[in-house]
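Listing of model.pdb; format and content: PDB, C-alpha atoms.
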ATOM      1  CA  MET A   1      25.433 -20.443  30.047
ATOM      2  CA  SER A   2      27.017 -23.912  30.180
ATOM      3  CA  THR A   3      28.808 -25.393  27.189
ATOM      4  CA  ASN A   4      26.528 -28.451  26.970
ATOM      5  CA  SER A   5      23.295 -26.413  26.895
ATOM      6  CA  THR A   6      21.020 -26.969  23.905
ATOM      7  CA  ARG A   7      19.448 -23.536  24.158
ATOM      8  CA  PRO A   8      20.241 -20.973  21.470
ATOM      9  CA  ALA A   9      22.546 -18.177  22.522
ATOM     10  CA  GLY A  10      20.647 -15.345  24.172
ATOM     11  CA  ARG A  11      17.693 -17.512  25.251
ATOM     12  CA  SER A  12      17.243 -17.588  29.013
ATOM     13  CA  ASP A  13      13.874 -19.333  29.532
ATOM     14  CA  GLN A  14      13.639 -23.022  30.417
ATOM     15  CA  ARG A  15      10.898 -23.988  27.923
ATOM     16  CA  ARG A  16      11.730 -26.440  25.205
ATOM     17  CA  PRO A  17      10.591 -25.883  21.655
ATOM     18  CA  ARG A  18       7.377 -27.678  20.782
ATOM     19  CA  VAL A  19       7.302 -30.344  18.142
ATOM     20  CA  VAL A  20       5.605 -29.078  15.028
ATOM     21  CA  PRO A  21       2.990 -31.543  13.771
ATOM     22  CA  PRO A  22       3.625 -32.832  10.264
ATOM     23  CA  GLN A  23       1.848 -30.860   7.550
ATOM     24  CA  ARG A  24      -0.754 -32.674   5.567
ATOM     25  CA  SER A  25       0.240 -32.716   1.970
ATOM     26  CA  ARG A  26      -2.464 -31.214  -0.163
ATOM     27  CA  ARG A  27      -2.896 -32.518  -3.657
ATOM     28  CA  LEU A  28      -2.111 -29.714  -5.994
ATOM     29  CA  GLN A  29      -4.668 -29.473  -8.720
ATOM     30  CA  PRO A  30      -3.664 -27.976 -12.008
ATOM     31  CA  HIS A  31      -4.858 -24.381 -12.377
ATOM     32  CA  ARG A  32      -8.111 -24.416 -14.295
ATOM     33  CA  PRO A  33      -9.064 -21.201 -16.082
ATOM     34  CA  PRO A  34     -12.508 -19.870 -15.167
ATOM     35  CA  ARG A  35     -15.405 -20.945 -17.326
ATOM     36  CA  PRO A  36     -16.787 -18.275 -19.669
ATOM     37  CA  HIS A  37     -19.854 -17.559 -17.529
ATOM     38  CA  GLN A  38     -17.737 -17.111 -14.389
ATOM     39  CA  TRP A  39     -15.366 -14.768 -16.197
ATOM     40  CA  PHE A  40     -18.260 -12.709 -17.592
ATOM     41  CA  ALA A  41     -20.046 -12.578 -14.229
ATOM     42  CA  GLU A  42     -16.977 -10.936 -12.668
ATOM     43  CA  ARG A  43     -16.701  -8.444 -15.552
ATOM     44  CA  LEU A  44     -20.400  -7.544 -15.485
ATOM     45  CA  LEU A  45     -20.270  -7.099 -11.719
ATOM     46  CA  ALA A  46     -17.288  -4.765 -12.046
ATOM     47  CA  VAL A  47     -19.093  -2.594 -14.629
ATOM     48  CA  LEU A  48     -22.523  -2.573 -12.959
ATOM     49  CA  SER A  49     -21.026  -1.736  -9.563
ATOM     50  CA  GLY A  50     -18.998   1.173 -10.916
ATOM     51  CA  GLN A  51     -15.611  -0.465 -10.308
ATOM     52  CA  ARG A  52     -14.777  -0.487 -14.038
ATOM     53  CA  PRO A  53     -15.834   1.721 -16.947
ATOM     54  CA  VAL A  54     -18.324   0.433 -19.492
ATOM     55  CA  HIS A  55     -15.787   0.514 -22.319
ATOM     56  CA  TRP A  56     -14.035  -2.349 -20.491
ATOM     57  CA  MET A  57     -16.748  -4.516 -22.097
ATOM     58  CA  LEU A  58     -16.036  -3.362 -25.663
ATOM     59  CA  GLY A  59     -15.471  -6.421 -27.791
ATOM     60  CA  HIS A  60     -17.108  -8.652 -25.176
ATOM     61  CA  THR A  61     -20.715  -7.827 -26.054
ATOM     62  CA  ILE A  62     -22.910  -8.239 -29.129
ATOM     63  CA  GLY A  63     -26.110  -6.656 -30.295
ATOM     64  CA  ASP A  64     -27.638  -4.083 -27.984
ATOM     65  CA  ALA A  65     -25.920  -5.452 -24.864
ATOM     66  CA  TYR A  66     -23.128  -2.838 -24.914
ATOM     67  CA  ASP A  67     -25.556   0.044 -25.455
ATOM     68  CA  GLN A  68     -27.708  -1.230 -22.588
ATOM     69  CA  LEU A  69     -24.690  -1.382 -20.295
ATOM     70  CA  ALA A  70     -23.576   2.096 -21.379
ATOM     71  CA  GLU A  71     -26.957   3.581 -20.459
ATOM     72  CA  LEU A  72     -27.381   1.692 -17.201
ATOM     73  CA  ALA A  73     -23.901   1.555 -15.679
ATOM     74  CA  PRO A  74     -23.886   5.187 -14.458
ATOM     75  CA  SER A  75     -26.710   4.311 -12.026
ATOM     76  CA  THR A  76     -24.514   1.483 -10.594
ATOM     77  CA  PRO A  77     -27.372  -0.939  -9.916
ATOM     78  CA  LEU A  78     -24.956  -3.313  -8.152
ATOM     79  CA  GLY A  79     -23.215  -0.574  -6.175
ATOM     80  CA  ALA A  80     -21.919  -0.911  -2.644
ATOM     81  CA  ALA A  81     -24.439  -1.277   0.174
ATOM     82  CA  ARG A  82     -23.538   0.429   3.448
ATOM     83  CA  GLY A  83     -19.875   0.488   2.565
ATOM     84  CA  HIS A  84     -19.674  -3.167   1.527
ATOM     85  CA  ARG A  85     -18.194  -3.830  -1.888
ATOM     86  CA  PRO A  86     -20.337  -6.239  -3.930
ATOM     87  CA  VAL A  87     -18.922  -9.725  -4.482
ATOM     88  CA  LEU A  88     -19.901 -12.660  -6.639
ATOM     89  CA  ARG A  89     -21.300 -15.387  -4.362
ATOM     90  CA  HIS A  90     -22.361 -18.064  -6.832
ATOM     91  CA  CYS A  91     -22.385 -18.389 -10.592
ATOM     92  CA  HIS A  92     -23.874 -21.287 -12.528
ATOM     93  CA  GLY A  93     -24.389 -21.784 -16.217
ATOM     94  CA  ALA A  94     -26.325 -24.076 -18.517
ATOM     95  CA  GLN A  95     -25.790 -24.753 -22.190
ATOM     96  CA  PRO A  96     -29.229 -24.977 -23.841
ATOM     97  CA  ALA A  97     -27.655 -25.165 -27.306
ATOM     98  CA  THR A  98     -24.213 -25.416 -28.831
ATOM     99  CA  GLY A  99     -22.459 -22.073 -28.588
ATOM    100  CA  VAL A 100     -24.913 -20.634 -26.046
ATOM    101  CA  VAL A 101     -24.576 -20.342 -22.267
ATOM    102  CA  GLU A 102     -27.336 -19.004 -20.049
ATOM    103  CA  ALA A 103     -26.003 -18.162 -16.616
ATOM    104  CA  PHE A 104     -27.213 -16.822 -13.307
ATOM    105  CA  ALA A 105     -25.273 -15.390 -10.408
ATOM    106  CA  SER A 106     -25.943 -14.081  -6.930
ATOM    107  CA  ILE A 107     -24.256 -10.843  -5.930
ATOM    108  CA  ALA A 108     -23.842  -9.915  -2.254
ATOM    109  CA  ALA A 109     -23.111  -6.476  -0.844
ATOM    110  CA  GLY A 110     -23.353  -6.429   2.935
ATOM    111  CA  ASP A 111     -26.695  -7.969   3.878
ATOM    112  CA  ARG A 112     -28.172  -7.301   0.419
ATOM    113  CA  VAL A 113     -28.232 -10.057  -2.228
ATOM    114  CA  GLN A 114     -29.211  -9.523  -5.855
ATOM    115  CA  ALA A 115     -29.651 -11.909  -8.749
ATOM    116  CA  MET A 116     -28.055 -11.407 -12.140
ATOM    117  CA  ALA A 117     -28.760 -13.436 -15.271
ATOM    118  CA  PHE A 118     -27.008 -13.178 -18.605
ATOM    119  CA  ARG A 119     -26.661 -14.928 -21.936
ATOM    120  CA  LEU A 120     -23.403 -15.646 -23.720
ATOM    121  CA  GLU A 121     -23.059 -16.575 -27.369
ATOM    122  CA  GLN A 122     -19.982 -18.031 -29.009
ATOM    123  CA  GLY A 123     -19.058 -16.457 -32.321
ATOM    124  CA  PRO A 124     -17.443 -18.035 -35.372
ATOM    125  CA  ASP A 125     -14.055 -16.932 -33.941
ATOM    126  CA  GLN A 126     -14.801 -19.148 -30.872
ATOM    127  CA  ARG A 127     -14.911 -16.098 -28.554
ATOM    128  CA  TRP A 128     -17.745 -15.739 -26.058
ATOM    129  CA  ARG A 129     -19.702 -12.483 -26.004
ATOM    130  CA  CYS A 130     -22.480 -11.230 -23.766
ATOM    131  CA  ALA A 131     -25.804 -10.868 -25.591
ATOM    132  CA  ALA A 132     -28.208 -10.019 -22.735
ATOM    133  CA  VAL A 133     -28.181  -9.096 -19.042
ATOM    134  CA  GLU A 134     -30.943  -9.012 -16.411
ATOM    135  CA  LEU A 135     -30.861  -7.997 -12.774
ATOM    136  CA  GLY A 136     -33.342  -9.096 -10.140
ATOM    137  CA  GLY A 137     -35.893 -10.111 -12.755
ATOM    138  CA  GLU A 138     -35.840  -6.711 -14.417
ATOM    139  CA  ARG A 139     -34.344  -6.565 -17.866
ATOM    140  CA  LEU A 140     -31.597  -3.971 -18.098
ATOM    141  CA  VAL A 141     -33.044  -1.815 -20.859
ATOM    142  CA  PRO A 142     -33.559   1.908 -20.806
ATOM    143  CA  ALA A 143     -37.119   3.032 -20.137
ATOM    144  CA  ARG A 144     -38.959   3.637 -23.387
ATOM    145  CA  PRO A 145     -41.909   5.995 -23.670
ATOM    146  CA  ALA A 146     -45.269   4.240 -23.721
ATOM    147  CA  PRO A 147     -47.016   4.064 -27.118
ATOM    148  CA  ARG A 148     -49.808   6.578 -27.581
TER     149      ARG A 148
END

As structure tokens:
Amino acid sequence: MSTNSTRPAGRSDQRRPRVVPPQRSRRLQPHRPPRPHQWFAERLLAVLSGQRPVHWMLGHTIGDAYDQLAELAPSTPLGAARGHRPVLRHCHGAQPATGVVEAFASIAAGDRVQAMAFRLEQGPDQRWRCAAVELGGERLVPARPAPR
């Protein structure tokens, strides 16, 4: 190799290095914590798909919501479809009153998509808790015997 060669030592090909195009600078946005309905959608999905135990929702539910989840989670209504783990596609919420959020989400697992709706209520301690959950238009309550 000659002394005035610009090639690195050990390089024997004649190609020159390409010029790397300048990187576009992306504006860095400050990290925004997820909104309460997005956070709850992920938690409910994890419980109803069997990825997390029901007691993971202790302290995050009010009323009968925890008992409903405890009875329904073993059937994993949002379980994997054909080996595809369910994921949260979209989640939107509306605030019909102060301290209340009604949200809906779409859950995809493979080619199957299910809807999930839930209600959050903010307590006097300013913490959000899940008060109700529905899947695919069917309320998640255990079957009760018909009145005689």

Surrounding residues of region 117-119 of chain A excluding itself and chain neighbours under 2 positions, 10 Å, all atoms listed in the file, as an NGL selection string: :A and (37 or 40-41 or 44 or 65 or 91-95 or 100-106 or 115 or 121 or 128-139)

Pairwise distance for CA of His55 (chain A) and CA of Pro124 (chain A), rounded to one decimal in Å: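 Between CA of His55 (chain A) and CA of Pro124 (chain A) the gap is 22.7 Å.
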
Shell of 8 Å around Met57 (chain A), all atoms listed in the file, local chain residues under 4 positions omitted, as a list in words: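 So, after excluding close chain neighbours, the residues are Arg43, Thr61 and Tyr66 of chain A.
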
Hey, could you pull the box centre and edge lengths for region 35-51 of chain A, axis-aligned, 5 Å padding per side, all listed atoms, to one decimal in Å, as lines of an AutoDock Vina configuration file?
center_x = -18.9
center_y = -9.9
center_z = -14.6
size_x = 17.2
size_y = 32.1
size_z = 20.1

CA of Gln38 (chain A) to CA of Leu58 (chain A), straight-line distance in Å: 17.9 Å

Residues within 12 Å of Asp111 (chain A), please, as a JSON list (two decimals) with C-alpha atoms, keeping the file's coordinate frame. Count only C-alpha atoms; anything in the same chain fewer than 6 positions from it doesn't count.
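New file result30.json:
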[["chain", "number", "residue", "atom", "x", "y", "z"],
["A", 80, "ALA", "CA", -21.92, -0.91, -2.64],
["A", 81, "ALA", "CA", -24.44, -1.28, 0.17],
["A", 82, "ARG", "CA", -23.54, 0.43, 3.45],
["A", 83, "GLY", "CA", -19.88, 0.49, 2.56],
["A", 84, "HIS", "CA", -19.67, -3.17, 1.53],
["A", 85, "ARG", "CA", -18.19, -3.83, -1.89],
["A", 86, "PRO", "CA", -20.34, -6.24, -3.93],
["A", 87, "VAL", "CA", -18.92, -9.72, -4.48]]

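Interatomic distance, CA of Gln122 (chain A) against CA of Thr98 (chain A): 8.5 Å.
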
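If you measure from each of A:Trp39, A:Pro30, A:Pro96, A:Leu72 to His60 (chain A) using only C-alpha atoms, the closest one turns out to be A:Trp39.
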
Option closest in space to Leu78 (chain A), from A:Ala108, A:Val54, A:Gly99, A:Asp64 [counting only C-alpha atoms]: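 Closest residue, counting only C-alpha atoms: A:Ala108.
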
Reference answer for the PyMOL selection byres ((chain A and resi 50) around 8), as a PyMOL selection string: chain A and resi 46-49+51-53+73-74+76+78-79

Output C-alpha atoms for every residue in the selection just made, as a short mmCIF file (atom, residue, chain, number, x, y, z; two decimals), in the coordinates of the input.
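Dumped to part.cif:
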data_model
loop_
_atom_site.label_atom_id
_atom_site.label_comp_id
_atom_site.auth_asym_id
_atom_site.auth_seq_id
_atom_site.Cartn_x
_atom_site.Cartn_y
_atom_site.Cartn_z
CA ALA A 46 -17.29 -4.76 -12.05
CA VAL A 47 -19.09 -2.59 -14.63
CA LEU A 48 -22.52 -2.57 -12.96
CA SER A 49 -21.03 -1.74 -9.56
CA GLN A 51 -15.61 -0.46 -10.31
CA ARG A 52 -14.78 -0.49 -14.04
CA PRO A 53 -15.83 1.72 -16.95
CA ALA A 73 -23.90 1.56 -15.68
CA PRO A 74 -23.89 5.19 -14.46
CA THR A 76 -24.51 1.48 -10.59
CA LEU A 78 -24.96 -3.31 -8.15
CA GLY A 79 -23.22 -0.57 -6.18
#

Counting all atoms listed in the file, the residue of A:Asp125, A:Glu42, A:Asp13, A:Glu71 that sits nearest His90 (chain A): A:Glu42
